[in-house]
Amino acid sequence: MKRESLSRRGFLGNVAAASGAMLLPVGLAAEVLPERLPSLAVADKVAPAAWPFPLQQVRLLPSHWKDMMELNRSFLYSLPNDRLVHNFRVAAGIASDATPLGGWESPDCELRGHYVGHYLSACALLYATTGDDSLRQKANALVTMLVACQAKDGYLSAYPVSFYDRLKSHKQVWAPFYTYHKILAGMMDMYQHAGNAQALDVARRMADWADAWSAAIAPDEWQKVLLVEQGGMNEAAFNLYAITGETRYRELAYRFEHKKFFDPLAAGEDKLAGNHANTNIPKVIGAARGYELTGDERYKTISENFYRQVVDHHSYCTGGTSDGEGWQAPDAISKNLGGSAEECCCSYNMLKLTRHLFARDPKAAYFDDYERTLFNMRRGTQDRNGMLMYYVSLRPGLYKTFGTPFDAFWCCTGTGSEEYAKLTDSIYFRSESALYVNLFVPSELDWKERGLRVRQTTKLPNEERVELKIESAPVAATALKIRVPYWATRGIAIRVNGMVHDAKADASGYATVEHAWQAGDVVEIDLPMSLHIAPANDDKRIQAAMYGPLVLAVLMGTDGLTTSMIYHGFIPEQSGGMPMPEVAVDGIWLDRVEATAAHALRFHTKGPGIVHTLVPLNEIMDERYSVYLHNTAVSA
């Protein structure tokens, strides 16, 4: 492999220093606990069966998960506010001498401004998950700068309002409401997670402008407008309705219903093929939120049908979905192993949808899917310097590609910035009398209202044990509901203070532990991991190997691979593909072998032919790989 300074440790710090950006030493920001979250004006009409904890009540402990969050924190600090706001000032006629950002934030990109919305969300979420008040103040300052750019009628964007004239006339334009949604959602996140009342005022005025603009368009013409990507405008409007109680925002959310996409889902028909994947997942998240707030059964049906269609018929072994940004025919995985498979935004948004569905029906199967996506499509898509991916390529012999600090800002840069700011948001859920342990991630939970503090430690997947220590006993009887993963086929073992406890999963897939908890109690959970094979749903010869929740991939070397290729763009060079690796053993066709310094988990294929080395996909960087192999011992 030709290495053009592949080791770029410290690169972000050097960039920040050169640009004048504020960059705190990782982990040294003051812990300023956020004030109580703003309350909602409208309660959910459909009461959840389980609900997540406020981000402020869960903290990550040292682990690779926390490392990911800290890399993201450094990246957020490295971006100067004056560069982020530059295009907004230009659009508003305000002088700016800042150096514009590049990539999708460059002055000639029609999506300019979208990342700024993601940025506000990421800062608000990271403040809530860490208490980093310096980052909150940086984001607060950015909100104030954007307030100066907001027009008298409420319009706020980094591009002129003429983009909407083109949208209304059905002329070519790159998704103005998509970008508008990101900014609107960022402002609401700054209000809800960082307590910025000014941001809520900006959001209301933005929504009022969108309401007035869209209300003037006839319904049939409006449905044509909705053919152009609009992000999660319906979800944002529903959330603003919940925050303010103003019904016009609820009606705005309904106006953004795209009937061409929703009607087949309501009828239970899989018409996903040919649709752009990430254009439509946010719409379904909006439907899920709409059901919670209004009780609209149609929206319940739409969100549940969509989820099952994607997970069961349009997803890879990694949990990712899409090829070339679109859905192909259902159950056609082996025919869609492309260089632009698995857009990262899709995974981010499917995780958001999964949370909604779990809250209404808390079953372990939802978090089996969530864990699969989190471990294989979110972890491993951030490089050692915090740069992010767009696609996780599935064509054999390709490699991972990452953005650069000031010249990428893809949609997946934005969702990644949010993802790694809120890695705590689904580890635990709660009901009236139980704590759900959904994910095995080192963390601390402070269930303040119940007086329960829990510390979870684990080195999963490198080790098979999880420990839950009760640091403060609850004031009322509280059951622990521990997810029994689908991959724990040899069963799990649970011990409370060294005494064996029944570890049998109930109908929901959780093992319930009831105990008169006292401070110092320890729950040990053994989760034996085993190898299993994940065949493509349309061709059983095309197979992937998994170890517990992890997808394994064949290492295919570094021939011809350079740093400039890895950081050149979001799609690998297609000419770099190789023949799919082969194996010729029916059943489990690999064994675990001795670890190396680079990979604690390492496997070799069995049987005749070339011996291939496999490691977890999320550990592979700077090397060619293949997730799927062709098993010549299996019939089609």
# chains A, B, ... in the order shown; residues from 1 in each chain; ligands from 1
>>> residues_around(residues="Phe429 in chain A", least_positions_apart="5", cutoff="12 Å", atoms="only C-alpha atoms", output="number ranges by chain")
A: 48-55, 57-58, 355-356, 358-364, 367, 424, 434-439, 445, 447, 480-483
>>> residues_around(residues="Arg298 in chain A", least_positions_apart="3", cutoff="12 Å", atoms="only C-alpha atoms", output="MDAnalysis selection string")
chainID A and resid 257 259 262:268 284 287:288 290:292 294:295 301:305
>>> write_last_selection(atoms="N, CA and C atoms", output="short mmCIF file (atom, residue, chain, number, x, y, z; two decimals), in the first residue's frame")
data_model
loop_
_atom_site.label_atom_id
_atom_site.label_comp_id
_atom_site.auth_asym_id
_atom_site.auth_seq_id
_atom_site.Cartn_x
_atom_site.Cartn_y
_atom_site.Cartn_z
N GLU A 257 -47.58 15.54 4.34
CA GLU A 257 -47.73 14.11 4.06
C GLU A 257 -47.64 13.85 2.56
N LYS A 259 -48.48 11.65 -0.13
CA LYS A 259 -49.45 10.57 -0.32
C LYS A 259 -48.94 9.48 -1.25
N PHE A 262 -46.94 7.36 1.09
CA PHE A 262 -47.64 6.84 2.26
C PHE A 262 -48.79 5.90 1.90
N ASP A 263 -49.50 6.16 0.83
CA ASP A 263 -50.69 5.35 0.53
C ASP A 263 -50.39 3.87 0.37
N PRO A 264 -49.35 3.47 -0.39
CA PRO A 264 -49.04 2.02 -0.46
C PRO A 264 -48.67 1.44 0.90
N LEU A 265 -47.97 2.19 1.71
CA LEU A 265 -47.60 1.69 3.04
C LEU A 265 -48.84 1.48 3.90
N ALA A 266 -49.78 2.39 3.81
CA ALA A 266 -51.02 2.24 4.57
C ALA A 266 -51.79 1.00 4.13
N ALA A 267 -51.63 0.63 2.86
CA ALA A 267 -52.31 -0.54 2.32
C ALA A 267 -51.49 -1.82 2.50
N GLY A 268 -50.31 -1.71 3.10
CA GLY A 268 -49.47 -2.88 3.32
C GLY A 268 -48.71 -3.34 2.10
N VAL A 284 -41.34 8.80 7.36
CA VAL A 284 -41.97 7.77 8.18
C VAL A 284 -41.72 8.04 9.66
N ALA A 287 -44.40 10.21 10.53
CA ALA A 287 -45.65 9.48 10.74
C ALA A 287 -45.68 8.85 12.12
N ALA A 288 -44.55 8.28 12.55
CA ALA A 288 -44.49 7.67 13.88
C ALA A 288 -44.74 8.71 14.96
N GLY A 290 -46.34 11.53 14.52
CA GLY A 290 -47.72 11.96 14.39
C GLY A 290 -48.69 11.02 15.09
N TYR A 291 -48.44 9.72 14.99
CA TYR A 291 -49.30 8.75 15.69
C TYR A 291 -49.24 8.96 17.20
N GLU A 292 -48.05 9.18 17.73
CA GLU A 292 -47.92 9.36 19.17
C GLU A 292 -48.70 10.58 19.65
N THR A 294 -51.24 12.26 17.99
CA THR A 294 -52.63 12.39 17.58
C THR A 294 -53.45 11.12 17.71
N GLY A 295 -52.79 9.97 17.80
CA GLY A 295 -53.52 8.70 17.81
C GLY A 295 -53.99 8.27 16.43
N THR A 301 -49.98 2.40 11.26
CA THR A 301 -49.86 1.34 10.25
C THR A 301 -48.71 1.63 9.29
N ILE A 302 -48.62 2.87 8.84
CA ILE A 302 -47.57 3.26 7.89
C ILE A 302 -46.19 3.01 8.50
N SER A 303 -45.97 3.45 9.71
CA SER A 303 -44.63 3.32 10.31
C SER A 303 -44.28 1.87 10.57
N GLU A 304 -45.23 1.06 11.00
CA GLU A 304 -44.93 -0.35 11.28
C GLU A 304 -44.74 -1.15 10.00
N ASN A 305 -45.57 -0.91 9.00
CA ASN A 305 -45.40 -1.63 7.72
C ASN A 305 -44.06 -1.28 7.08
#
>>> closest_atom_pairs(of="range 366-415 of chain A", to="range 175-196 of chain A", cutoff="12 Å", atoms="only C-alpha atoms", output="CSV")
residue,atom,partner,partner_atom,distance
A:Trp410,CA,A:Thr179,CA,11.9
A:Cys411,CA,A:Thr179,CA,9.8
A:Gly414,CA,A:Lys182,CA,9.2
A:Thr415,CA,A:Lys182,CA,10.0
>>> atom_distance(atom1="CA of Arg379 in chain A", atom2="CA of Leu272 in chain A")
26.8 Å
>>> residues_around(residues="Ala534 in chain A", least_positions_apart="2", cutoff="8 Å", atoms="only C-alpha atoms", output="list of chain:residue names")
A:Cys317, A:His532, A:Ala536, A:Gln543, A:Ala544, A:Ala545, A:Met546
>>> closest_residue(among="A:Lys260, A:Arg248, A:Arg289, A:Lys152", to="Asn275 in chain A", atoms="only C-alpha atoms")
A:Lys260
>>> residues_around(residues="Lys352 in chain A", least_positions_apart="4", cutoff="12 Å", atoms="only C-alpha atoms", output="compact mmCIF listing (two decimals) with C-alpha atoms, in the first residue's frame")
# COMPACT_ATOMS: atom_id res chain seq x y z
CA GLY A 232 -38.43 15.39 8.01
CA GLU A 235 -41.69 15.38 12.00
CA ILE A 281 -37.23 7.37 5.93
CA PRO A 282 -37.57 10.79 7.65
CA LYS A 283 -41.16 11.03 6.40
CA VAL A 284 -41.97 7.77 8.18
CA ILE A 285 -40.34 9.02 11.37
CA GLY A 286 -42.77 11.93 11.06
CA ALA A 288 -44.49 7.67 13.88
CA ARG A 289 -44.36 10.96 15.78
CA SER A 303 -44.63 3.32 10.31
CA TYR A 307 -40.16 -0.81 9.25
CA CYS A 345 -27.91 8.56 6.72
CA CYS A 346 -30.33 5.68 6.19
CA SER A 347 -28.91 3.82 9.18
CA TYR A 348 -29.08 6.92 11.36
CA HIS A 356 -40.35 5.13 18.27
CA LEU A 357 -41.60 1.63 17.56
CA PHE A 358 -39.93 0.14 20.63
CA ALA A 359 -41.52 2.76 22.87
CA TYR A 366 -36.30 -4.05 17.93
CA PHE A 367 -33.04 -3.70 19.81
CA ASP A 369 -32.01 -4.76 14.90
CA TYR A 370 -30.81 -1.56 16.57
CA THR A 373 -26.98 -1.40 12.89
CA LEU A 374 -25.20 0.42 15.71
CA THR A 415 -26.22 12.74 10.66
CA GLU A 418 -25.58 13.98 15.54
CA GLU A 419 -25.16 10.23 16.01
CA LYS A 422 -26.10 10.99 21.42
CA LEU A 423 -24.69 7.50 21.78
CA ASP A 425 -29.91 7.77 24.02
CA SER A 426 -31.07 4.15 23.76
>>> closest_residue(among="A:Val593, A:Val583, A:Ala212, A:Leu629", to="Gly607 in chain A", atoms="only C-alpha atoms")
A:Val583
>>> select_by_dssp(residues="range 586-616 of chain A", states="strand (DSSP E or B)", output="PDB file with C-alpha atoms, in the first residue's frame")
ATOM      1  CA  LEU A 590     -14.693 -20.261   9.878  1.00  0.00           C
ATOM      2  CA  ASP A 591     -12.886 -20.590  13.197  1.00  0.00           C
ATOM      3  CA  ARG A 592     -11.598 -18.042  15.656  1.00  0.00           C
ATOM      4  CA  PHE A 603     -10.971 -15.642  12.211  1.00  0.00           C
ATOM      5  CA  HIS A 604      -9.842 -17.968   9.399  1.00  0.00           C
ATOM      6  CA  THR A 605     -11.968 -19.798   6.867  1.00  0.00           C
ATOM      7  CA  THR A 613      -8.758 -13.888   7.291  1.00  0.00           C
ATOM      8  CA  LEU A 614     -11.845 -12.165   8.672  1.00  0.00           C
ATOM      9  CA  VAL A 615     -12.151  -9.456  11.327  1.00  0.00           C
ATOM     10  CA  PRO A 616     -15.043  -7.265  12.484  1.00  0.00           C
TER      11      PRO A 616
END
>>> residues_around(residues="Arg541 in chain A", least_positions_apart="4", cutoff="9 Å", atoms="only C-alpha atoms", output="ChimeraX atom specification")
/A:535-536,629-636
>>> select_by_dssp(residues="range 306-352 of chain A", states="alpha helix (DSSP H)", output="compact mmCIF listing (two decimals) with C-alpha atoms, in the first residue's frame")
# COMPACT_ATOMS: atom_id res chain seq x y z
CA PHE A 306 -42.46 0.43 6.50
CA TYR A 307 -40.16 -0.81 9.25
CA ARG A 308 -40.90 -4.46 8.57
CA GLN A 309 -40.52 -4.03 4.82
CA VAL A 310 -37.11 -2.40 5.15
CA VAL A 311 -35.74 -4.69 7.87
CA ASP A 312 -37.06 -7.95 6.45
CA HIS A 313 -36.72 -7.36 2.70
CA CYS A 344 -25.02 6.07 6.43
CA CYS A 345 -27.91 8.56 6.72
CA CYS A 346 -30.33 5.68 6.19
CA SER A 347 -28.91 3.82 9.18
CA TYR A 348 -29.08 6.92 11.36
CA ASN A 349 -32.72 7.48 10.49
CA MET A 350 -33.72 3.81 10.82
CA LEU A 351 -32.35 3.90 14.37
CA LYS A 352 -34.56 6.91 15.10
>>> closest_residue(among="A:Pro528, A:Pro461, A:Pro579, A:Gly520", to="Ala493 in chain A", atoms="only C-alpha atoms")
A:Pro528
>>> atom_distance(atom1="CA of Asn278 in chain A", atom2="CA of Thr401 in chain A")
19.5 Å
>>> residues_around(residues="Ala237 in chain A", least_positions_apart="2", cutoff="7 Å", atoms="only C-alpha atoms", output="compact mmCIF listing (two decimals) with N, CA and C atoms, in the first residue's frame")
# COMPACT_ATOMS: atom_id res chain seq x y z
N MET A 233 -39.70 17.37 7.38
CA MET A 233 -40.52 18.56 7.69
C MET A 233 -41.77 18.19 8.47
N ASN A 234 -42.36 17.02 8.16
CA ASN A 234 -43.56 16.64 8.92
C ASN A 234 -43.21 16.34 10.37
N GLU A 235 -42.10 15.65 10.62
CA GLU A 235 -41.69 15.38 12.00
C GLU A 235 -41.40 16.67 12.75
N ASN A 239 -43.28 18.03 16.08
CA ASN A 239 -42.54 18.34 17.30
C ASN A 239 -42.78 19.77 17.76
N LEU A 240 -42.88 20.69 16.80
CA LEU A 240 -43.15 22.08 17.17
C LEU A 240 -44.57 22.21 17.73
N TYR A 241 -45.49 21.45 17.21
CA TYR A 241 -46.84 21.40 17.78
C TYR A 241 -46.79 20.92 19.23
N TYR A 249 -49.27 24.13 13.60
CA TYR A 249 -48.09 23.33 13.29
C TYR A 249 -48.46 21.86 13.08
N ARG A 250 -49.45 21.39 13.79
CA ARG A 250 -49.95 20.03 13.54
C ARG A 250 -50.52 19.94 12.14
N LEU A 252 -49.69 21.82 9.64
CA LEU A 252 -48.55 21.91 8.72
C LEU A 252 -47.90 20.54 8.55
N ALA A 253 -47.80 19.80 9.63
CA ALA A 253 -47.22 18.45 9.55
C ALA A 253 -48.05 17.56 8.63
>>> closest_residue(among="A:Thr129, A:Asn497, A:Thr381, A:Ser508", to="Gly403 in chain A", atoms="only C-alpha atoms")
A:Thr381
>>> closest_residue(among="A:Asp201, A:Glu524, A:Glu514, A:Asp97", to="Met499 in chain A", atoms="only C-alpha atoms")
A:Glu524
>>> closest_residue(among="A:Gly338, A:Glu467, A:Gln456, A:Ala365", to="Ala505 in chain A", atoms="only C-alpha atoms")
A:Ala365
